[in-house]
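Undergrad: Pasting target06.pdb here (PDB, C-alpha atoms, pLDDT in the B column):
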MODEL        1
ATOM      1  CA  MET A 238       9.664  15.130  14.042  1.00 45.00           C
ATOM      2  CA  SER A 239      10.972  11.560  13.849  1.00 53.00           C
ATOM      3  CA  ALA A 240      11.061   9.734  10.539  1.00 73.00           C
ATOM      4  CA  ASP A 241       8.323   7.404   9.383  1.00 84.00           C
ATOM      5  CA  ARG A 242       8.930   3.739  10.099  1.00 88.00           C
ATOM      6  CA  TYR A 243       7.506   0.867   8.075  1.00 92.00           C
ATOM      7  CA  THR A 244       5.796  -1.320  10.673  1.00 94.00           C
ATOM      8  CA  LEU A 245       5.665  -4.544   8.668  1.00 93.00           C
ATOM      9  CA  GLY A 246       9.415  -4.529   8.135  1.00 91.00           C
ATOM     10  CA  TYR A 247      11.289  -6.620   5.604  1.00 91.00           C
ATOM     11  CA  ASP A 248      11.645 -10.086   7.103  1.00 88.00           C
ATOM     12  CA  ALA A 249      10.667 -13.196   5.149  1.00 87.00           C
ATOM     13  CA  ALA A 250       7.125 -13.331   6.528  1.00 86.00           C
ATOM     14  CA  ALA A 251       6.463  -9.676   5.694  1.00 89.00           C
ATOM     15  CA  LEU A 252       7.893 -10.040   2.189  1.00 89.00           C
ATOM     16  CA  ALA A 253       5.722 -13.093   1.532  1.00 90.00           C
ATOM     17  CA  PHE A 254       2.664 -11.209   2.804  1.00 92.00           C
ATOM     18  CA  VAL A 255       3.287  -8.198   0.572  1.00 94.00           C
ATOM     19  CA  GLY A 256       4.645 -10.146  -2.399  1.00 93.00           C
ATOM     20  CA  ARG A 257       1.390 -12.071  -2.880  1.00 94.00           C
ATOM     21  CA  ARG A 258      -0.345  -8.872  -3.999  1.00 96.00           C
ATOM     22  CA  THR A 259      -0.892  -8.351  -7.727  1.00 97.00           C
ATOM     23  CA  LEU A 260      -2.486  -5.682  -9.875  1.00 98.00           C
ATOM     24  CA  GLN A 261      -5.498  -7.927 -10.344  1.00 97.00           C
ATOM     25  CA  SER A 262      -5.925  -8.762  -6.654  1.00 97.00           C
ATOM     26  CA  HIS A 263      -5.063  -5.438  -5.026  1.00 98.00           C
ATOM     27  CA  GLY A 264      -4.967  -2.807  -7.766  1.00 98.00           C
ATOM     28  CA  ALA A 265      -8.069  -3.777  -9.732  1.00 98.00           C
ATOM     29  CA  PHE A 266      -9.691  -0.408  -9.000  1.00 98.00           C
ATOM     30  CA  PHE A 267      -7.014   1.286 -11.131  1.00 98.00           C
ATOM     31  CA  ILE A 268      -6.889  -1.067 -14.110  1.00 98.00           C
ATOM     32  CA  GLU A 269      -9.465   0.910 -16.098  1.00 98.00           C
ATOM     33  CA  HIS A 270      -7.192   3.955 -15.891  1.00 98.00           C
ATOM     34  CA  LEU A 271      -4.161   2.182 -17.373  1.00 98.00           C
ATOM     35  CA  ARG A 272      -3.690   2.353 -21.132  1.00 97.00           C
ATOM     36  CA  ASP A 273      -1.076   1.302 -23.630  1.00 98.00           C
ATOM     37  CA  GLY A 274       1.791   3.746 -23.907  1.00 98.00           C
ATOM     38  CA  MET A 275       1.351   5.468 -20.546  1.00 98.00           C
ATOM     39  CA  GLN A 276       4.191   6.634 -18.321  1.00 98.00           C
ATOM     40  CA  VAL A 277       3.315   5.415 -14.813  1.00 98.00           C
ATOM     41  CA  LEU A 278       4.900   5.919 -11.393  1.00 98.00           C
ATOM     42  CA  ASP A 279       4.375   3.369  -8.593  1.00 98.00           C
ATOM     43  CA  VAL A 280       5.281   4.935  -5.232  1.00 98.00           C
ATOM     44  CA  GLY A 281       6.104   2.538  -2.407  1.00 97.00           C
ATOM     45  CA  CYS A 282       6.455  -0.324  -4.879  1.00 97.00           C
ATOM     46  CA  GLY A 283       7.975  -2.804  -2.421  1.00 96.00           C
ATOM     47  CA  PRO A 284       9.112  -5.997  -4.171  1.00 96.00           C
ATOM     48  CA  GLY A 285       7.351  -4.912  -7.359  1.00 97.00           C
ATOM     49  CA  SER A 286       4.601  -7.525  -7.558  1.00 97.00           C
ATOM     50  CA  ILE A 287       1.965  -4.931  -8.485  1.00 98.00           C
ATOM     51  CA  THR A 288       4.409  -2.881 -10.562  1.00 98.00           C
ATOM     52  CA  SER A 289       4.987  -5.863 -12.834  1.00 97.00           C
ATOM     53  CA  GLY A 290       1.259  -6.084 -13.499  1.00 98.00           C
ATOM     54  CA  ILE A 291       1.169  -2.406 -14.386  1.00 98.00           C
ATOM     55  CA  ALA A 292       4.062  -2.915 -16.808  1.00 98.00           C
ATOM     56  CA  THR A 293       2.183  -5.671 -18.591  1.00 97.00           C
ATOM     57  CA  ARG A 294      -1.012  -3.622 -18.740  1.00 98.00           C
ATOM     58  CA  ILE A 295       0.544  -0.525 -20.337  1.00 98.00           C
ATOM     59  CA  GLY A 296       2.340  -2.413 -23.112  1.00 97.00           C
ATOM     60  CA  SER A 297       4.540   0.039 -25.002  1.00 97.00           C
ATOM     61  CA  GLY A 298       4.549   2.416 -22.042  1.00 98.00           C
ATOM     62  CA  SER A 299       6.823   2.253 -19.023  1.00 98.00           C
ATOM     63  CA  VAL A 300       6.417   2.129 -15.260  1.00 98.00           C
ATOM     64  CA  THR A 301       8.880   3.350 -12.661  1.00 98.00           C
ATOM     65  CA  GLY A 302       8.712   1.875  -9.176  1.00 98.00           C
ATOM     66  CA  VAL A 303      10.052   3.895  -6.262  1.00 98.00           C
ATOM     67  CA  ASP A 304      10.661   2.663  -2.736  1.00 97.00           C
ATOM     68  CA  LEU A 305      12.522   4.081   0.234  1.00 96.00           C
ATOM     69  CA  SER A 306      14.148   0.704   0.897  1.00 95.00           C
ATOM     70  CA  GLU A 307      17.105  -0.219  -1.274  1.00 96.00           C
ATOM     71  CA  SER A 308      16.519  -3.903  -0.480  1.00 95.00           C
ATOM     72  CA  GLN A 309      13.001  -3.691  -1.921  1.00 96.00           C
ATOM     73  CA  VAL A 310      14.237  -1.967  -5.060  1.00 97.00           C
ATOM     74  CA  THR A 311      16.798  -4.728  -5.532  1.00 97.00           C
ATOM     75  CA  LEU A 312      14.135  -7.421  -5.150  1.00 96.00           C
ATOM     76  CA  ALA A 313      11.842  -5.621  -7.579  1.00 97.00           C
ATOM     77  CA  LYS A 314      14.587  -5.387 -10.198  1.00 97.00           C
ATOM     78  CA  GLN A 315      15.391  -9.075  -9.796  1.00 97.00           C
ATOM     79  CA  SER A 316      11.733 -10.073 -10.060  1.00 96.00           C
ATOM     80  CA  ALA A 317      11.148  -8.014 -13.209  1.00 97.00           C
ATOM     81  CA  ALA A 318      14.274  -9.434 -14.837  1.00 97.00           C
ATOM     82  CA  LYS A 319      13.221 -12.985 -13.983  1.00 97.00           C
ATOM     83  CA  GLN A 320       9.831 -12.380 -15.618  1.00 96.00           C
ATOM     84  CA  GLY A 321      11.396 -10.786 -18.671  1.00 97.00           C
ATOM     85  CA  ILE A 322       9.644  -7.464 -18.055  1.00 97.00           C
ATOM     86  CA  ALA A 323      11.616  -4.809 -19.920  1.00 97.00           C
ATOM     87  CA  ASN A 324       9.409  -1.746 -19.406  1.00 98.00           C
ATOM     88  CA  ALA A 325       9.683  -1.547 -15.605  1.00 98.00           C
ATOM     89  CA  ARG A 326      12.384   0.473 -13.845  1.00 98.00           C
ATOM     90  CA  PHE A 327      13.033   0.809 -10.143  1.00 98.00           C
ATOM     91  CA  ARG A 328      14.881   3.296  -8.009  1.00 97.00           C
ATOM     92  CA  VAL A 329      15.247   4.381  -4.395  1.00 98.00           C
ATOM     93  CA  GLY A 330      13.293   7.476  -3.435  1.00 97.00           C
ATOM     94  CA  SER A 331      11.054   9.120  -0.866  1.00 97.00           C
ATOM     95  CA  ALA A 332       7.359   9.805  -1.395  1.00 98.00           C
ATOM     96  CA  TYR A 333       7.995  13.232   0.131  1.00 98.00           C
ATOM     97  CA  GLU A 334      10.711  14.144  -2.388  1.00 97.00           C
ATOM     98  CA  LEU A 335      10.181  12.201  -5.582  1.00 98.00           C
ATOM     99  CA  PRO A 336      13.320  12.277  -7.776  1.00 96.00           C
ATOM    100  CA  PHE A 337      11.450  13.401 -10.889  1.00 97.00           C
ATOM    101  CA  ALA A 338      10.650  16.597 -12.727  1.00 97.00           C
ATOM    102  CA  GLU A 339       7.224  18.182 -12.627  1.00 97.00           C
ATOM    103  CA  ALA A 340       4.532  16.855 -14.977  1.00 98.00           C
ATOM    104  CA  GLN A 341       6.460  13.751 -15.987  1.00 98.00           C
ATOM    105  CA  PHE A 342       3.864  10.966 -15.588  1.00 98.00           C
ATOM    106  CA  ASP A 343       0.436  10.133 -16.985  1.00 98.00           C
ATOM    107  CA  ALA A 344      -0.495   8.211 -13.842  1.00 98.00           C
ATOM    108  CA  VAL A 345       0.707   7.804 -10.261  1.00 98.00           C
ATOM    109  CA  PHE A 346      -0.218   4.688  -8.293  1.00 98.00           C
ATOM    110  CA  SER A 347       0.463   3.924  -4.644  1.00 98.00           C
ATOM    111  CA  HIS A 348      -0.700   0.885  -2.689  1.00 98.00           C
ATOM    112  CA  ALA A 349      -0.433   0.344   1.075  1.00 97.00           C
ATOM    113  CA  LEU A 350       1.907   3.270   1.652  1.00 97.00           C
ATOM    114  CA  LEU A 351      -0.043   6.256   2.954  1.00 98.00           C
ATOM    115  CA  GLU A 352      -1.114   4.457   6.151  1.00 97.00           C
ATOM    116  CA  HIS A 353       2.541   4.411   7.190  1.00 97.00           C
ATOM    117  CA  LEU A 354       3.217   8.133   6.642  1.00 97.00           C
ATOM    118  CA  ARG A 355       3.026  10.972   9.144  1.00 96.00           C
ATOM    119  CA  GLU A 356       2.262  13.403   6.322  1.00 97.00           C
ATOM    120  CA  PRO A 357       0.098  11.716   3.682  1.00 98.00           C
ATOM    121  CA  VAL A 358      -1.107  15.009   2.210  1.00 98.00           C
ATOM    122  CA  ARG A 359       2.497  16.082   1.669  1.00 98.00           C
ATOM    123  CA  ALA A 360       3.085  12.840  -0.257  1.00 98.00           C
ATOM    124  CA  MET A 361      -0.056  13.376  -2.326  1.00 98.00           C
ATOM    125  CA  ARG A 362       1.149  16.869  -3.240  1.00 98.00           C
ATOM    126  CA  GLU A 363       4.274  15.236  -4.632  1.00 98.00           C
ATOM    127  CA  PHE A 364       2.092  12.832  -6.607  1.00 98.00           C
ATOM    128  CA  LEU A 365       0.271  15.855  -8.013  1.00 98.00           C
ATOM    129  CA  ARG A 366       3.521  17.643  -8.868  1.00 98.00           C
ATOM    130  CA  VAL A 367       4.921  14.831 -10.999  1.00 98.00           C
ATOM    131  CA  LEU A 368       1.636  14.215 -12.816  1.00 98.00           C
ATOM    132  CA  LYS A 369       0.932  15.780 -16.188  1.00 98.00           C
ATOM    133  CA  PRO A 370      -2.137  18.037 -16.356  1.00 97.00           C
ATOM    134  CA  SER A 371      -5.225  15.785 -16.401  1.00 97.00           C
ATOM    135  CA  GLY A 372      -3.044  12.901 -15.166  1.00 98.00           C
ATOM    136  CA  VAL A 373      -4.628  10.388 -12.807  1.00 98.00           C
ATOM    137  CA  MET A 374      -3.679   9.246  -9.290  1.00 98.00           C
ATOM    138  CA  GLY A 375      -4.818   5.992  -7.719  1.00 98.00           C
ATOM    139  CA  VAL A 376      -4.081   5.139  -4.071  1.00 98.00           C
ATOM    140  CA  ALA A 377      -5.294   2.420  -1.736  1.00 98.00           C
ATOM    141  CA  THR A 378      -4.859   1.812   1.987  1.00 98.00           C
ATOM    142  CA  PRO A 379      -6.430  -0.365   4.670  1.00 97.00           C
ATOM    143  CA  ASP A 380      -8.801   1.182   7.191  1.00 98.00           C
ATOM    144  CA  TRP A 381      -8.557  -0.715  10.447  1.00 97.00           C
ATOM    145  CA  SER A 382     -11.672   0.967  11.842  1.00 96.00           C
ATOM    146  CA  ALA A 383     -13.687  -1.209   9.454  1.00 97.00           C
ATOM    147  CA  PHE A 384     -11.886  -4.544   9.830  1.00 98.00           C
ATOM    148  CA  VAL A 385     -14.152  -7.518  10.596  1.00 97.00           C
ATOM    149  CA  TYR A 386     -12.930 -10.517  12.561  1.00 97.00           C
ATOM    150  CA  GLY A 387     -14.582 -13.136  14.699  1.00 97.00           C
ATOM    151  CA  PRO A 388     -15.655 -14.895  16.717  1.00 97.00           C
ATOM    152  CA  SER A 389     -14.458 -11.955  18.744  1.00 95.00           C
ATOM    153  CA  SER A 390     -13.271 -11.772  22.323  1.00 97.00           C
ATOM    154  CA  PRO A 391     -11.778  -9.095  24.563  1.00 98.00           C
ATOM    155  CA  ALA A 392      -8.367 -10.751  24.153  1.00 98.00           C
ATOM    156  CA  LEU A 393      -8.596 -10.749  20.357  1.00 98.00           C
ATOM    157  CA  VAL A 394      -9.691  -7.116  20.245  1.00 98.00           C
ATOM    158  CA  ALA A 395      -6.801  -6.220  22.555  1.00 98.00           C
ATOM    159  CA  ALA A 396      -4.323  -8.077  20.337  1.00 98.00           C
ATOM    160  CA  VAL A 397      -5.455  -6.260  17.200  1.00 98.00           C
ATOM    161  CA  LYS A 398      -5.394  -2.931  19.049  1.00 98.00           C
ATOM    162  CA  ALA A 399      -1.857  -3.697  20.215  1.00 98.00           C
ATOM    163  CA  TYR A 400      -0.720  -4.079  16.614  1.00 98.00           C
ATOM    164  CA  GLU A 401      -2.503  -0.879  15.649  1.00 98.00           C
ATOM    165  CA  ALA A 402      -0.630   0.889  18.447  1.00 98.00           C
ATOM    166  CA  LEU A 403       2.697  -0.262  16.980  1.00 97.00           C
ATOM    167  CA  GLN A 404       1.872   1.320  13.639  1.00 97.00           C
ATOM    168  CA  VAL A 405       0.644   4.539  15.235  1.00 97.00           C
ATOM    169  CA  ALA A 406       3.824   4.745  17.314  1.00 96.00           C
ATOM    170  CA  ASN A 407       5.805   4.432  14.075  1.00 95.00           C
ATOM    171  CA  GLY A 408       4.050   7.488  12.658  1.00 95.00           C
ATOM    172  CA  GLY A 409       1.251   5.797  10.737  1.00 97.00           C
ATOM    173  CA  ASP A 410      -2.519   6.164  10.742  1.00 97.00           C
ATOM    174  CA  VAL A 411      -4.367   2.839  10.778  1.00 97.00           C
ATOM    175  CA  ASN A 412      -7.660   4.586   9.992  1.00 97.00           C
ATOM    176  CA  VAL A 413      -6.452   6.677   7.062  1.00 98.00           C
ATOM    177  CA  GLY A 414      -8.606   4.890   4.492  1.00 97.00           C
ATOM    178  CA  HIS A 415     -11.812   6.857   4.893  1.00 97.00           C
ATOM    179  CA  LYS A 416      -9.801  10.106   4.903  1.00 98.00           C
ATOM    180  CA  LEU A 417      -8.233   9.581   1.469  1.00 98.00           C
ATOM    181  CA  SER A 418     -10.715  11.628  -0.536  1.00 98.00           C
ATOM    182  CA  GLN A 419     -10.386  14.656   1.736  1.00 98.00           C
ATOM    183  CA  TYR A 420      -6.610  14.350   1.705  1.00 98.00           C
ATOM    184  CA  ALA A 421      -6.657  14.193  -2.093  1.00 98.00           C
ATOM    185  CA  VAL A 422      -8.760  17.355  -2.277  1.00 98.00           C
ATOM    186  CA  ASP A 423      -6.460  19.061   0.208  1.00 98.00           C
ATOM    187  CA  ALA A 424      -3.501  18.113  -1.979  1.00 98.00           C
ATOM    188  CA  GLY A 425      -5.095  19.731  -5.020  1.00 98.00           C
ATOM    189  CA  PHE A 426      -6.720  16.828  -6.875  1.00 98.00           C
ATOM    190  CA  ALA A 427     -10.032  17.140  -8.712  1.00 98.00           C
ATOM    191  CA  GLU A 428     -12.839  14.701  -9.610  1.00 98.00           C
ATOM    192  CA  VAL A 429     -11.958  12.685  -6.509  1.00 98.00           C
ATOM    193  CA  LYS A 430     -13.791   9.436  -5.836  1.00 98.00           C
ATOM    194  CA  GLN A 431     -13.222   6.710  -3.263  1.00 97.00           C
ATOM    195  CA  GLN A 432     -14.631   3.264  -2.678  1.00 98.00           C
ATOM    196  CA  ALA A 433     -14.105   0.293  -0.359  1.00 98.00           C
ATOM    197  CA  ARG A 434     -13.832  -3.471  -0.561  1.00 98.00           C
ATOM    198  CA  TYR A 435     -12.965  -6.370   1.739  1.00 98.00           C
ATOM    199  CA  GLU A 436     -10.133  -8.871   1.498  1.00 98.00           C
ATOM    200  CA  ASN A 437     -10.989 -12.128   3.253  1.00 97.00           C
ATOM    201  CA  PHE A 438      -7.955 -14.076   4.452  1.00 97.00           C
ATOM    202  CA  GLU A 439      -8.075 -17.805   3.857  1.00 95.00           C
ATOM    203  CA  PRO A 440      -6.332 -19.342   5.676  1.00 94.00           C
ATOM    204  CA  LEU A 441      -6.333 -16.892   8.548  1.00 96.00           C
ATOM    205  CA  SER A 442      -2.621 -17.491   9.086  1.00 95.00           C
ATOM    206  CA  ILE A 443      -1.875 -15.261   6.070  1.00 95.00           C
ATOM    207  CA  ILE A 444      -2.618 -12.239   8.250  1.00 96.00           C
ATOM    208  CA  THR A 445      -2.377 -13.531  11.805  1.00 96.00           C
ATOM    209  CA  ASP A 446       1.165 -14.907  11.406  1.00 95.00           C
ATOM    210  CA  VAL A 447       2.441 -11.521  10.222  1.00 95.00           C
ATOM    211  CA  LEU A 448       0.674  -9.553  12.963  1.00 97.00           C
ATOM    212  CA  ALA A 449       1.761 -12.031  15.626  1.00 96.00           C
ATOM    213  CA  ALA A 450       5.396 -11.915  14.480  1.00 95.00           C
ATOM    214  CA  LYS A 451       5.460  -8.116  14.784  1.00 96.00           C
ATOM    215  CA  LEU A 452       3.913  -8.268  18.248  1.00 97.00           C
ATOM    216  CA  GLU A 453       6.479 -10.864  19.308  1.00 97.00           C
ATOM    217  CA  GLN A 454       9.280  -8.646  18.080  1.00 95.00           C
ATOM    218  CA  ALA A 455       7.833  -5.840  20.206  1.00 96.00           C
ATOM    219  CA  GLY A 456       7.648  -8.074  23.279  1.00 98.00           C
ATOM    220  CA  HIS A 457       3.858  -8.508  23.295  1.00 98.00           C
ATOM    221  CA  MET A 458       3.946 -12.275  23.635  1.00 98.00           C
ATOM    222  CA  GLU A 459       0.447 -12.641  25.115  1.00 98.00           C
ATOM    223  CA  HIS A 460      -1.178 -10.716  22.268  1.00 98.00           C
ATOM    224  CA  ALA A 461       0.819 -12.699  19.722  1.00 98.00           C
ATOM    225  CA  GLY A 462      -0.333 -15.924  21.341  1.00 98.00           C
ATOM    226  CA  THR A 463      -3.943 -14.784  21.125  1.00 98.00           C
ATOM    227  CA  LEU A 464      -3.635 -14.259  17.372  1.00 98.00           C
ATOM    228  CA  ARG A 465      -1.950 -17.617  16.832  1.00 97.00           C
ATOM    229  CA  GLU A 466      -4.693 -19.336  18.818  1.00 97.00           C
ATOM    230  CA  PHE A 467      -7.372 -17.443  16.890  1.00 98.00           C
ATOM    231  CA  GLU A 468      -6.094 -18.698  13.532  1.00 95.00           C
ATOM    232  CA  ARG A 469      -6.851 -22.261  14.680  1.00 95.00           C
ATOM    233  CA  THR A 470     -10.453 -21.407  15.626  1.00 95.00           C
ATOM    234  CA  PRO A 471     -13.001 -23.324  13.496  1.00 93.00           C
ATOM    235  CA  HIS A 472     -15.247 -21.121  11.320  1.00 95.00           C
ATOM    236  CA  ALA A 473     -13.285 -17.972  12.199  1.00 97.00           C
ATOM    237  CA  MET A 474     -12.877 -15.069   9.772  1.00 97.00           C
ATOM    238  CA  PHE A 475     -10.625 -12.049   9.328  1.00 98.00           C
ATOM    239  CA  ALA A 476     -11.522  -9.476   6.679  1.00 98.00           C
ATOM    240  CA  GLU A 477      -9.417  -6.419   5.872  1.00 98.00           C
ATOM    241  CA  ALA A 478     -11.124  -3.249   4.670  1.00 98.00           C
ATOM    242  CA  TRP A 479      -9.375  -1.565   1.747  1.00 98.00           C
ATOM    243  CA  VAL A 480     -10.244   1.959   0.626  1.00 98.00           C
ATOM    244  CA  SER A 481      -9.142   3.179  -2.797  1.00 98.00           C
ATOM    245  CA  CYS A 482      -9.193   6.729  -4.107  1.00 98.00           C
ATOM    246  CA  VAL A 483      -8.814   8.128  -7.620  1.00 98.00           C
ATOM    247  CA  GLY A 484      -8.248  11.780  -8.492  1.00 98.00           C
ATOM    248  CA  TYR A 485      -6.960  13.930 -11.360  1.00 98.00           C
ATOM    249  CA  ARG A 486      -4.481  16.740 -11.637  1.00 98.00           C
ATOM    250  CA  PRO A 487      -6.477  19.768 -12.852  1.00 97.00           C
ATOM    251  CA  GLN A 488      -5.662  20.917 -16.360  1.00 90.00           C
ATOM    252  CA  HIS A 489      -4.386  24.277 -15.086  1.00 78.00           C
ATOM    253  CA  ALA A 490      -2.900  23.202 -11.736  1.00 63.00           C
TER     254      ALA A 490
ENDMDL
END
Take the structure in this file and express it as C-alpha cells.
TA:
Amino acid sequence: MSADRYTLGYDAAALAFVGRRTLQSHGAFFIEHLRDGMQVLDVGCGPGSITSGIATRIGSGSVTGVDLSESQVTLAKQSAAKQGIANARFRVGSAYELPFAEAQFDAVFSHALLEHLREPVRAMREFLRVLKPSGVMGVATPDWSAFVYGPSSPALVAAVKAYEALQVANGGDVNVGHKLSQYAVDAGFAEVKQQARYENFEPLSIITDVLAAKLEQAGHMEHAGTLREFERTPHAMFAEAWVSCVGYRPQHA
C-alpha cells in the first residue's frame, strides 16, 4: 500500500490557510477537557498554531506537538519561541507509530489529520496506547459530504468534486467526519461523543484560493478557474462542515 500524502501540501498559501487556525477557533470543542498541569499530545500539529493555544491553556503542564513533516516541526518550534511559550515541545513522528511509551499522556488532540490517512483507526489505536487510563482524546475533521456552497452550478460542483478526488487519490477520506465515533469505538475508546459545526469563509478566497491552487498544480485549470470565478460572485457562500469527536481510554484498557 502506498504512503499517505498530505493533499494541501506546504506552500505559502497552504501554510497561511492552516496557520490561521487557533484553539479558540478550531479546537473549542476540546477546551473544557484541558486543565492546568496536564500532559498533552497534539498529533499532526502542523505549524503549531493550535498547539500554542493548548500550551497556554494547560499552564504548568506541557504539550508535545508531533508532525510527519520536519518543515512543519521547525516552523512550530520557531513560532513557540517567538511567542515565548516554554511548555510546548515539537518533534517529527508518524501518527501510526508515535515515538512515546504507553500511557504517557493525559490527553491526545488531533485536528485535520485523520481525513488524510488511509488507516484512521490504526492512528486512533496509537492515540489510545499513549493515553493514560481514563485519558481523553479529541479529534476533528471536515466532512465534505455536508459542505454548503452556493449559488451552485454544475461547474462548481464538478470543481469541488475534482478537489475531493485529489485527496481520495492521495489516500484520504473526504467524508470521514461522520465516521469518527464508530472509528473511535473500533479503536477501543469509551464514552464516545461527536458533534458538528460549520465554518463560514469570509472572504470566500480563504478557501477557494487554496483549492484552486491545488487543482492548478494537478493540471485541472478549468476547475480552478471555476473556483476563482465563484469567489467573485456577489452574495456567495462557502461553509465547511467540521465534525469533532471525544472519547476516553477505559480505566482497564
Undergrad: Pick from A:Leu335, A:Ile287, A:Leu417, A:Leu351: nearest to Arg366 (chain A), with all atoms listed in the file counted?
TA: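 For Arg366 (chain A), the nearest of the given residues is A:Leu335.
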Undergrad: List the residues selected by the PyMOL selection byres ((chain A and resi 372-382) around 7) in the file shown, writing them as a PyMOL selection string.
TA: chain A and resi 267+343-352+368-371+383-384+411-415+477-486
Undergrad: With C-alpha atoms retained, export the selected residues as a CSV table (one decimal), in the coordinates of the input.
TA:
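So result_34.csv came out as:
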chain,number,residue,atom,x,y,z
A,267,PHE,CA,-7.0,1.3,-11.1
A,343,ASP,CA,0.4,10.1,-17.0
A,344,ALA,CA,-0.5,8.2,-13.8
A,345,VAL,CA,0.7,7.8,-10.3
A,346,PHE,CA,-0.2,4.7,-8.3
A,347,SER,CA,0.5,3.9,-4.6
A,348,HIS,CA,-0.7,0.9,-2.7
A,349,ALA,CA,-0.4,0.3,1.1
A,350,LEU,CA,1.9,3.3,1.7
A,351,LEU,CA,0.0,6.3,3.0
A,352,GLU,CA,-1.1,4.5,6.2
A,368,LEU,CA,1.6,14.2,-12.8
A,369,LYS,CA,0.9,15.8,-16.2
A,370,PRO,CA,-2.1,18.0,-16.4
A,371,SER,CA,-5.2,15.8,-16.4
A,383,ALA,CA,-13.7,-1.2,9.5
A,384,PHE,CA,-11.9,-4.5,9.8
A,411,VAL,CA,-4.4,2.8,10.8
A,412,ASN,CA,-7.7,4.6,10.0
A,413,VAL,CA,-6.5,6.7,7.1
A,414,GLY,CA,-8.6,4.9,4.5
A,415,HIS,CA,-11.8,6.9,4.9
A,477,GLU,CA,-9.4,-6.4,5.9
A,478,ALA,CA,-11.1,-3.2,4.7
A,479,TRP,CA,-9.4,-1.6,1.7
A,480,VAL,CA,-10.2,2.0,0.6
A,481,SER,CA,-9.1,3.2,-2.8
A,482,CYS,CA,-9.2,6.7,-4.1
A,483,VAL,CA,-8.8,8.1,-7.6
A,484,GLY,CA,-8.2,11.8,-8.5
A,485,TYR,CA,-7.0,13.9,-11.4
A,486,ARG,CA,-4.5,16.7,-11.6
Undergrad: Between A:Val300, A:Ala313, A:Ala424, A:Leu271, which one has atoms that come closest to Gly283 (chain A), using only C-alpha atoms?
TA: A:Ala313
Undergrad: Could you give me, as a VMD selection string, the residues within 12 Å of Ser289 (chain A), counting all atoms listed in the file and dropping anything in the same chain fewer than 6 positions from it?
TA: chain A and resid 256 258 to 261 264 277 to 279 282 to 283 295 to 296 299 to 302 313 to 327
Undergrad: If the box runs along x, y and z of the file and leaves 4 Å on each side of region 396-407 of chain A, what are its centre and edge lengths in Å, one decimal, as lines of an AutoDock Vina configuration file?
TA:
center_x = 0.2
center_y = -1.7
center_z = 17.0
size_x = 19.3
size_y = 20.8
size_z = 14.7
Undergrad: Could you state the separation of CA of Ser308 (chain A) and CA of Phe254 (chain A) in Å, given to one decimal place?
TA: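 CA of Ser308 (chain A) sits 16.0 Å away from CA of Phe254 (chain A).
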Undergrad: In Å, rounded to a single decimal, give me how far CA of Arg362 (chain A) is from CA of Tyr400 (chain A).
TA: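 Distance between the two atoms: 28.9 Å.
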Undergrad: List the spatial neighbours of Ser389 (chain A) as an MDAnalysis selection string - criterion: any atom at most 10 Å away, only C-alpha atoms, same-chain residues fewer than 4 positions off excluded.
TA: chainID A and resid 385 393:394 467 473:474
Undergrad: Which residue, A:Gln309, A:Thr463, A:Ser297, A:Gln488, has the smallest gap to Leu448 (chain A) when you use all atoms listed in the file?
TA: A:Thr463
Undergrad: Step by step, work through what the PyMOL selection byres ((chain A and resi 452) around 10) selects in the shown file, and finish by giving those residues as number ranges by chain.
TA: A: 396-397, 399-400, 403, 446-451, 453-462, 464
Undergrad: Kindly give the distance, in Å, that separates CA of Gln432 (chain A) and CA of Ala476 (chain A), rounded to a single decimal.
TA: 16.1 Å
Undergrad: Got a sec: who's within 9 Å of Glu307 (chain A), counting only C-alpha atoms, leaving out chain neighbours fewer than 2 positions off, as a list in words?
TA: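 Near Glu307 (chain A), the qualifying residues are Asp304, Leu305, Gln309, Val310, Thr311, Leu312, Arg328, Val329 and Gly330 of chain A.
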Undergrad: Given the PyMOL selection byres ((chain A and resi 338) around 12) and the file above, list the residues it selects as a list in words.
TA: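 Here the PyMOL selection byres ((chain A and resi 338) around 12) matches Glu334, Leu335, Pro336, Phe337, Glu339, Ala340, Gln341, Phe342, Glu363, Phe364, Leu365, Arg366, Val367, Leu368 and Lys369 of chain A.
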Undergrad: Name all residues at most 8 Å from Tyr243 (chain A) (count only C-alpha atoms; drop same-chain ones fewer than 2 positions away) and give them as a PyMOL selection string.
TA: chain A and resi 241+245-246+353+404+407
Undergrad: Would you mind telling me which residue in A:His472, A:Lys416, A:Ala421, A:Gly298 lies nearest to Leu441 (chain A) when using all atoms listed in the file?
TA: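 Between A:His472, A:Lys416, A:Ala421, A:Gly298, the residue approaching Leu441 (chain A) most closely is A:His472.
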Undergrad: Would you please work out which residue, of A:Ala292, A:Ala265, A:Val405, A:Ala392, is nearest to Ala433 (chain A) when using all atoms listed in the file?
TA: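 Looking only at the distances to Ala433 (chain A), the closest residue turns out to be A:Ala265.
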